[in-house]
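Just below is one structure, and these are the notes that go with it.
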4 protein chains.
Amino acid sequence: MTKRKICVVVTARPSYARVRTMLHAIQMHESLELQLVLAGSALLDKYGDVGPIAEKDGFVISERIYNLLSGAAPTSMAKTTGLAIMELATAFQNLKPDIVVTIADRFETIATSIAASYQNIPLAHIQGGEVTGSIDEKVRHANTKFADLHLVASELAKQRVLKMGEHAASILNTGCPSMDIARAVIESPAIDFDPTQKYGGVGAEIAPKGQYIVVMQHAVTTEDTHARKQIEETIRAVNALDMPTFWFWPNADLGGESISSGLRHHREEYDLHKTRFFKNMEPEDFLRLVKNSACLIGNSSVGIRECAFLGVPVVNIGSRQTSRERGQNVVDCGHDADEIKAQILKQIAHGHYASEPIYGDGHAGKKAADALANFVLKFHKTLAY
Amino acid sequence: MTKRKICVVVTARPSYARVRTMLHAIQMHESLELQLVLAGSALLDKYGDVGPIAEKDGFVISERIYNLLSGAAPTSMAKTTGLAIMELATAFQNLKPDIVVTIADRFETIATSIAASYQNIPLAHIQGGEVTGSIDEKVRHANTKFADLHLVASELAKQRVLKMGEHAASILNTGCPSMDIARAVIESPAIDFDPTQKYGGVGAEIAPKGQYIVVMQHAVTTEDTHARKQIEETIRAVNALDMPTFWFWPNADLGGESISSGLRHHREEYDLHKTRFFKNMEPEDFLRLVKNSACLIGNSSVGIRECAFLGVPVVNIGSRQTSRERGQNVVDCGHDADEIKAQILKQIAHGHYASEPIYGDGHAGKKAADALANFVLKFHKTLAY
Amino acid sequence: MTKRKICVVVTARPSYARVRTMLHAIQMHESLELQLVLAGSALLDKYGDVGPIAEKDGFVISERIYNLLSGAAPTSMAKTTGLAIMELATAFQNLKPDIVVTIADRFETIATSIAASYQNIPLAHIQGGEVTGSIDEKVRHANTKFADLHLVASELAKQRVLKMGEHAASILNTGCPSMDIARAVIESPAIDFDPTQKYGGVGAEIAPKGQYIVVMQHAVTTEDTHARKQIEETIRAVNALDMPTFWFWPNADLGGESISSGLRHHREEYDLHKTRFFKNMEPEDFLRLVKNSACLIGNSSVGIRECAFLGVPVVNIGSRQTSRERGQNVVDCGHDADEIKAQILKQIAHGHYASEPIYGDGHAGKKAADALANFVLKFHKTLAY
Amino acid sequence: MTKRKICVVVTARPSYARVRTMLHAIQMHESLELQLVLAGSALLDKYGDVGPIAEKDGFVISERIYNLLSGAAPTSMAKTTGLAIMELATAFQNLKPDIVVTIADRFETIATSIAASYQNIPLAHIQGGEVTGSIDEKVRHANTKFADLHLVASELAKQRVLKMGEHAASILNTGCPSMDIARAVIESPAIDFDPTQKYGGVGAEIAPKGQYIVVMQHAVTTEDTHARKQIEETIRAVNALDMPTFWFWPNADLGGESISSGLRHHREEYDLHKTRFFKNMEPEDFLRLVKNSACLIGNSSVGIRECAFLGVPVVNIGSRQTSRERGQNVVDCGHDADEIKAQILKQIAHGHYASEPIYGDGHAGKKAADALANFVLKFHKTLAY
């Protein structure tokens, strides 16, 4: 029997982490063949090249698409997307997938949707129906409008995709594949690696023992001109706390360079002297680091999703996660050093929360693979109303 | 007072015809400045270069974007779109519009949406909320998901955009601007030009007098491999009718080359010997030609929209206009020469229908310009539910 | 033994014709494997899609590159070249050739040189060292500067490449592969096909018997704004001659559209009523048609090269072939209808000329294949002085 | 009088430094208007964004072209060049320059040549006729073949351009504009700035006093897979010397990432503990730093050109500068730590050399501006032989 070819396009390190269990489930599925395409910032050393990680995880990279333009031009996101469409069109022509899978809401993910749809290849979308209030939300819902199959991560997301006019039969709530990893971490939470030894990083010599915090703050693309100021408030708060801190560099979004340069500046000025900076870690390692931390700070979706399941206290800063479903574990605050510090202290005092499975029960990868195998191939649809 | 800059991107000849009254209304508006960008097939001689037409209509072309790849590759639509994004990104950076306007649902229109949205420029979309069941419908709704302001053409369209999660305050039913021209044609329907003299064309010497028909059949992109067979059925029906026929070449969609080549083949074989072929005409001329015809045949949206208002009988062939709101004047039929011929004869026998203002009352241009002037600028939104 | 992979990039119909015997010789060579890449106007129906022709000739197309932008923008040549580089880079990465071959001097050929050189793939150049005085000449010599192996078509060309600083060991005078076909035609000159039946074409019903002429006039890219006027002089001359005429459409160069549109205009005005227009013919057919004609008119290199070998009288119009080595068979004239007509009549009166093997003895394909097999692979060079 | 518009495209930080005096001379010239375009790595923070520097120097940036693709793909150089052509084509169309100037031999410089030539804009080339034996040399001579005016930097270079078939009247030996800065430094050599304070940098706290060395080693693109090993030999030699060292990061060439990552690795391992790393400095500052150093080490052209004029001892490592004219001040050595160390010690022992004006007398900028003003505009040429 010819296996159905499933082409998953990963455009960023966090997306890879999120869907890895689904990739494994596809690879193991008796009627599916996995085609893994890496593109955009997923290939950059700066943000953590997914290539070697994925190969170590047992995957073959079918194609590498270098479409990310260097430099902080206002046109970068658009041009990078345009290039991605052109390059992915060639890749799909060569790979001839039966289904293309696009993930979530990064600006480049629409390139996958367009390149597939315009070649009449059925499109599946992971994580539709979530709301964030930024350009990402526009991209996410546009992906939904191109997609023929919707693998969503929560019941609320399913309801939203349905309301947007998609047919009920094309929507499946798998839960989020990243919860599959969180489930493994909950079952075995002890940190079994030395972060510095395994991942290098730069900055202070610290260990993931006792009370420490984790920071991950990305740029908000609609507020890119404020990115430097915003990160400086967080830096000041963390400086004032004077606790061991694991800090992760931001992703490649518009404004990301300003954040990186703010961090480098302060580091060279000997601020953040109890902080060590990391590009990224393997998902299990990262989630174990988070699971054992006193608090996660920043605006990463990990705080909203995995941390609800893990029960880790989160201080969510600014507008990036606005409107996302969240658990008891999250407190929101603005870009103000004093407020950030106060909220962190409050969360540390509170300690860990009860686990809430808002984004799935940890079996998403298998459910998604089954859905891809059973989907009746089509690339034609119309509004349900 | 600084005028608000409204950048309208036109990617096809029919789109230009449709929005021309809106362009005039923007140009005449005391608080608006028009930036007209022509792109894609709008610039090709083959499909009727909009440039000279627009200049004759009194507009200045701010930018010409040549993004259409030659040749019938399966990747053409995707790559042409990718290129359009890259080129439009540069154009918007130079033009610095306050609002960008994207029109309807052609595959290239998503490029306008992306290039604008990814540079944080508010986006208005013309003609959202309509359904067609083809790749165009995916594109149309994806445009809706990027747009901050929706200028729709019918009440039903408005309801659909609302259901898709857009905020009521951002949706205005202006009617379709192309009805503004149809209104002028209804008020003064006599044909005041000689088609051959004014537009050249190739083929038989025929005049728009007595009983004649008009044919306009485009490729259905999801059925591109059938395009040649589909057009041959229509050719056989028209041959059998043996009536004076004004035939318009198809647009640049995937499959359009097959249709053109089918037409050329039959013309060179001396079929279609009462037929004259035209690339395009000025909208008023075209609608007067249609208004005075015995029947419009093919799958153009003109049959569904303008002809409802004009009361012209239409034989709508195949799936391209599936699910669009339609009036009494339209009968549908499949790609079968005998059936097509029979339906044409039936429609000719019936004669003209009463006017139905489904797509507007002929004042859309002014309403759209006012909406663009009054829109509170923003490029940030979230689902209404 | 692993065969050496030779990737030949063909960007135009005439280039294909020129190198076809070389392609066969590569394919038949025991230590070579042919990779044939078609790009640019070589794929367009309008200029004669090389794809089906090459397949009929027994070649497999390794890759089709659609890089030609539609429309007559001043930036078209540059952007089409830029796109070609990007697409060829991907193709070479996938094909992993041992040597890439670029042909002659069309603007797109530099894309092949750059895409190969920047990936450290050894580059061979066909037809270096010739002079024409147009942008093509700049491109040709720039190709020479990128190339590691030079397969030139005449002794004079060899001397020029040597003078430009290339090492003697890297230059081989194979003669031009197109002479291989001319040799076959000389050996068997009778026309064994019906042009209309085999190639269609449009226009008058004429046969290749008795006294007829052949016209092929391309745009001169540095004089593109004069292209329309230039072709009209030729049209007037041909009209005045009133002889059966086989006319070939121009290539895709800047200004080519103006020539085509001039031809179409006059044809529709019932000028050129003894003329039939063809897109292209198979090389043997074309050369037999030329061989049996009374005169070749225009500015095609066929007049300069093949016709010297075939002994066919040529009226070479304008600057396009300036400075190329030529035989007794060529008379030059300006863009003036009266002069053109007079020179044609003079050439017809003169009749055929003796054969001159300026561009080779008809064994170029085999010599080139051997050179590609024996070349010591390298992509590193420095001036010889 | 309308001033002649001279568009200079700068694609790298060192190129800017080299031509700055020419830019000033163009800006001050009564019949010239400067259009400065920055592209590629000239805009990257990582390699020293030329934008703010040029603005501080009193220039207006006419256009910024972001064409550099991130990531270490084998196709990067080609694709970056393809993109540059597409973007520069648009820029030239908007800027409408009378002459475009391309500089030297970086891979992206051919994009400038093509974009200008294919739009019939006369092209001037700075620094033709030099030999290096790498891909750069191919690019340099290809630029010569596109250029209509040659502004070369030495008598030997002039002879080579002439031999390559360029017309004598189109070649002028201005000397290299970078010598104009060296002349100023010779006239006033004292270091008047604190490197760390002015430029930041990372690494050891060192001062430009007493005996110190300067290192600048770029990747050799034809040897990119050896880049990491090559830099490690240099690192070992410098470690062994144990002297204060000013080290400059490599440029964006293929292999540059390997060098940077090698340097970062060793720095984090606490090697190079007397070394401070800089991205770049203003040219005068940089040349003063070099002028006062005991020795310049690496493979930068500064060692060959400016240092001949400055009389600074140079240890030139590897093949990157092979065949370039050089003075008494240069000793060559291979990629071997022991040899490198020995040569450095020998050069330090020798001390400074007498000044040799091989690349000009320090008035190149003015001579170049005059040549651009006096050039008879044309974009048409043929071989001189």
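Residue numbering restarts at 1 for every chain of the structure tokens, chains are lettered A, B, ... in their displayed order, and ligands are numbered from 1 as they appear.
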Near Pro250 of chain B, counting only C-alpha atoms, which residues have an atom at most 9 Å away, once you skip same-chain residues fewer than 5 positions from it, shown as an NGL selection string?
:B and (47 or 216-219 or 256-257 or 259-260 or 279)
Please write the residues from the selection above to a file, keeping N, CA and C atoms, as a PDB file, in the first residue's frame.
```pdb
ATOM      1  N   TYR B  47      -4.509  40.542 -21.397  1.00  0.00           N
ATOM      2  CA  TYR B  47      -5.771  40.569 -20.679  1.00  0.00           C
ATOM      3  C   TYR B  47      -6.345  41.981 -20.622  1.00  0.00           C
ATOM      4  N   MET B 216     -18.349  34.751 -22.088  1.00  0.00           N
ATOM      5  CA  MET B 216     -17.157  35.016 -21.261  1.00  0.00           C
ATOM      6  C   MET B 216     -17.002  33.843 -20.312  1.00  0.00           C
ATOM      7  N   GLN B 217     -16.041  32.983 -20.621  1.00  0.00           N
ATOM      8  CA  GLN B 217     -15.857  31.780 -19.798  1.00  0.00           C
ATOM      9  C   GLN B 217     -14.414  31.676 -19.317  1.00  0.00           C
ATOM     10  N   HIS B 218     -14.251  31.712 -17.993  1.00  0.00           N
ATOM     11  CA  HIS B 218     -12.920  31.614 -17.398  1.00  0.00           C
ATOM     12  C   HIS B 218     -12.646  30.181 -16.959  1.00  0.00           C
ATOM     13  N   ALA B 219     -11.368  29.926 -16.650  1.00  0.00           N
ATOM     14  CA  ALA B 219     -11.017  28.615 -16.119  1.00  0.00           C
ATOM     15  C   ALA B 219     -11.433  28.517 -14.657  1.00  0.00           C
ATOM     16  N   GLY B 256      -6.357  29.093 -17.782  1.00  0.00           N
ATOM     17  CA  GLY B 256      -6.736  30.111 -18.768  1.00  0.00           C
ATOM     18  C   GLY B 256      -6.031  29.911 -20.099  1.00  0.00           C
ATOM     19  N   GLU B 257      -4.770  29.473 -20.035  1.00  0.00           N
ATOM     20  CA  GLU B 257      -4.026  29.214 -21.265  1.00  0.00           C
ATOM     21  C   GLU B 257      -4.686  28.108 -22.088  1.00  0.00           C
ATOM     22  N   ILE B 259      -7.836  27.378 -22.189  1.00  0.00           N
ATOM     23  CA  ILE B 259      -9.034  27.928 -22.812  1.00  0.00           C
ATOM     24  C   ILE B 259      -8.654  28.771 -24.022  1.00  0.00           C
ATOM     25  N   SER B 260      -7.677  29.662 -23.841  1.00  0.00           N
ATOM     26  CA  SER B 260      -7.250  30.503 -24.960  1.00  0.00           C
ATOM     27  C   SER B 260      -6.785  29.645 -26.114  1.00  0.00           C
ATOM     28  N   LYS B 279     -10.419  41.285 -26.223  1.00  0.00           N
ATOM     29  CA  LYS B 279      -9.711  41.152 -24.948  1.00  0.00           C
ATOM     30  C   LYS B 279     -10.554  41.767 -23.841  1.00  0.00           C
TER      31      LYS B 279
END
```
Residues near Ile171 of chain B, cut-off 7 Å, only C-alpha atoms, skip fewer than 2 positions along chain, as a count of residues only
7
If DSSP is run on the backbone, what residues of segment 53-277 of chain C are strand (DSSP E or B)? A reply as number ranges by chain would be ideal.
C: 61-65, 69, 99-103, 123-126, 149-152, 171-173, 202-203, 213-216, 245-248, 275-277
Spatial neighbours of His273 of chain A, 9 Å, only C-alpha atoms, chain gap at least 2 places, as a list of chain:residue names:
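Listing them by chain and then by number gives A:Gly203, A:Ala204, A:Asn239, A:Asp242, A:Pro244, A:Arg267, A:Tyr270, A:Asp271, A:Thr275, A:Arg276.
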Contacts from chain D to chain B, 12 Å maximum, only C-alpha atoms: show me the residue list as a list in words.
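Only these qualify: Ser62, Glu63, Arg64, Ile65, Tyr66, Asn67, Leu83, Met86, Glu87, Leu88, Ala89, Thr90, Ala91, Gln93, Asn94 and Leu95 of chain D.
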For atom CA of Ala25 of chain C and atom CA of Ile181 of chain C, determine how far apart the two atoms are, in Å to one decimal place.
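The value is 12.9 Å.
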List as a PyMOL selection string the protein and nucleic acid residues near Ser41 of chain C, meaning an atom at most 9 Å away when only C-alpha atoms are counted, but skip any in the same chain fewer than 2 places from it.
(chain B and resi 70-71) or (chain C and resi 11-13+38-39+43-50+66-68+251-252)
Write a file of the selected residues as an mmCIF file, in the first residue's frame, keeping C-alpha atoms.
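Written output follows (part-v6.cif):
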```
data_model
loop_
_atom_site.group_PDB
_atom_site.id
_atom_site.type_symbol
_atom_site.label_atom_id
_atom_site.label_comp_id
_atom_site.auth_asym_id
_atom_site.auth_seq_id
_atom_site.Cartn_x
_atom_site.Cartn_y
_atom_site.Cartn_z
ATOM 1 C CA SER B 70 4.866 33.438 -17.642
ATOM 2 C CA GLY B 71 4.182 29.825 -18.377
ATOM 3 C CA THR C 11 16.898 29.459 -21.720
ATOM 4 C CA ALA C 12 15.619 29.933 -25.251
ATOM 5 C CA ARG C 13 14.346 28.012 -28.235
ATOM 6 C CA LEU C 38 14.771 24.397 -19.340
ATOM 7 C CA ALA C 39 14.194 27.944 -18.190
ATOM 8 C CA LEU C 43 9.244 27.054 -21.778
ATOM 9 C CA LEU C 44 6.795 29.484 -23.308
ATOM 10 C CA ASP C 45 4.286 28.380 -25.854
ATOM 11 C CA LYS C 46 4.539 31.846 -27.356
ATOM 12 C CA TYR C 47 8.159 31.372 -28.326
ATOM 13 C CA GLY C 48 7.940 27.625 -28.877
ATOM 14 C CA ASP C 49 7.984 25.463 -25.750
ATOM 15 C CA VAL C 50 11.199 23.438 -25.918
ATOM 16 C CA TYR C 66 9.589 29.400 -14.806
ATOM 17 C CA ASN C 67 11.334 32.692 -14.217
ATOM 18 C CA LEU C 68 10.077 34.936 -16.991
ATOM 19 C CA ASN C 251 12.087 36.170 -29.092
ATOM 20 C CA ALA C 252 11.280 37.482 -25.588
#
```
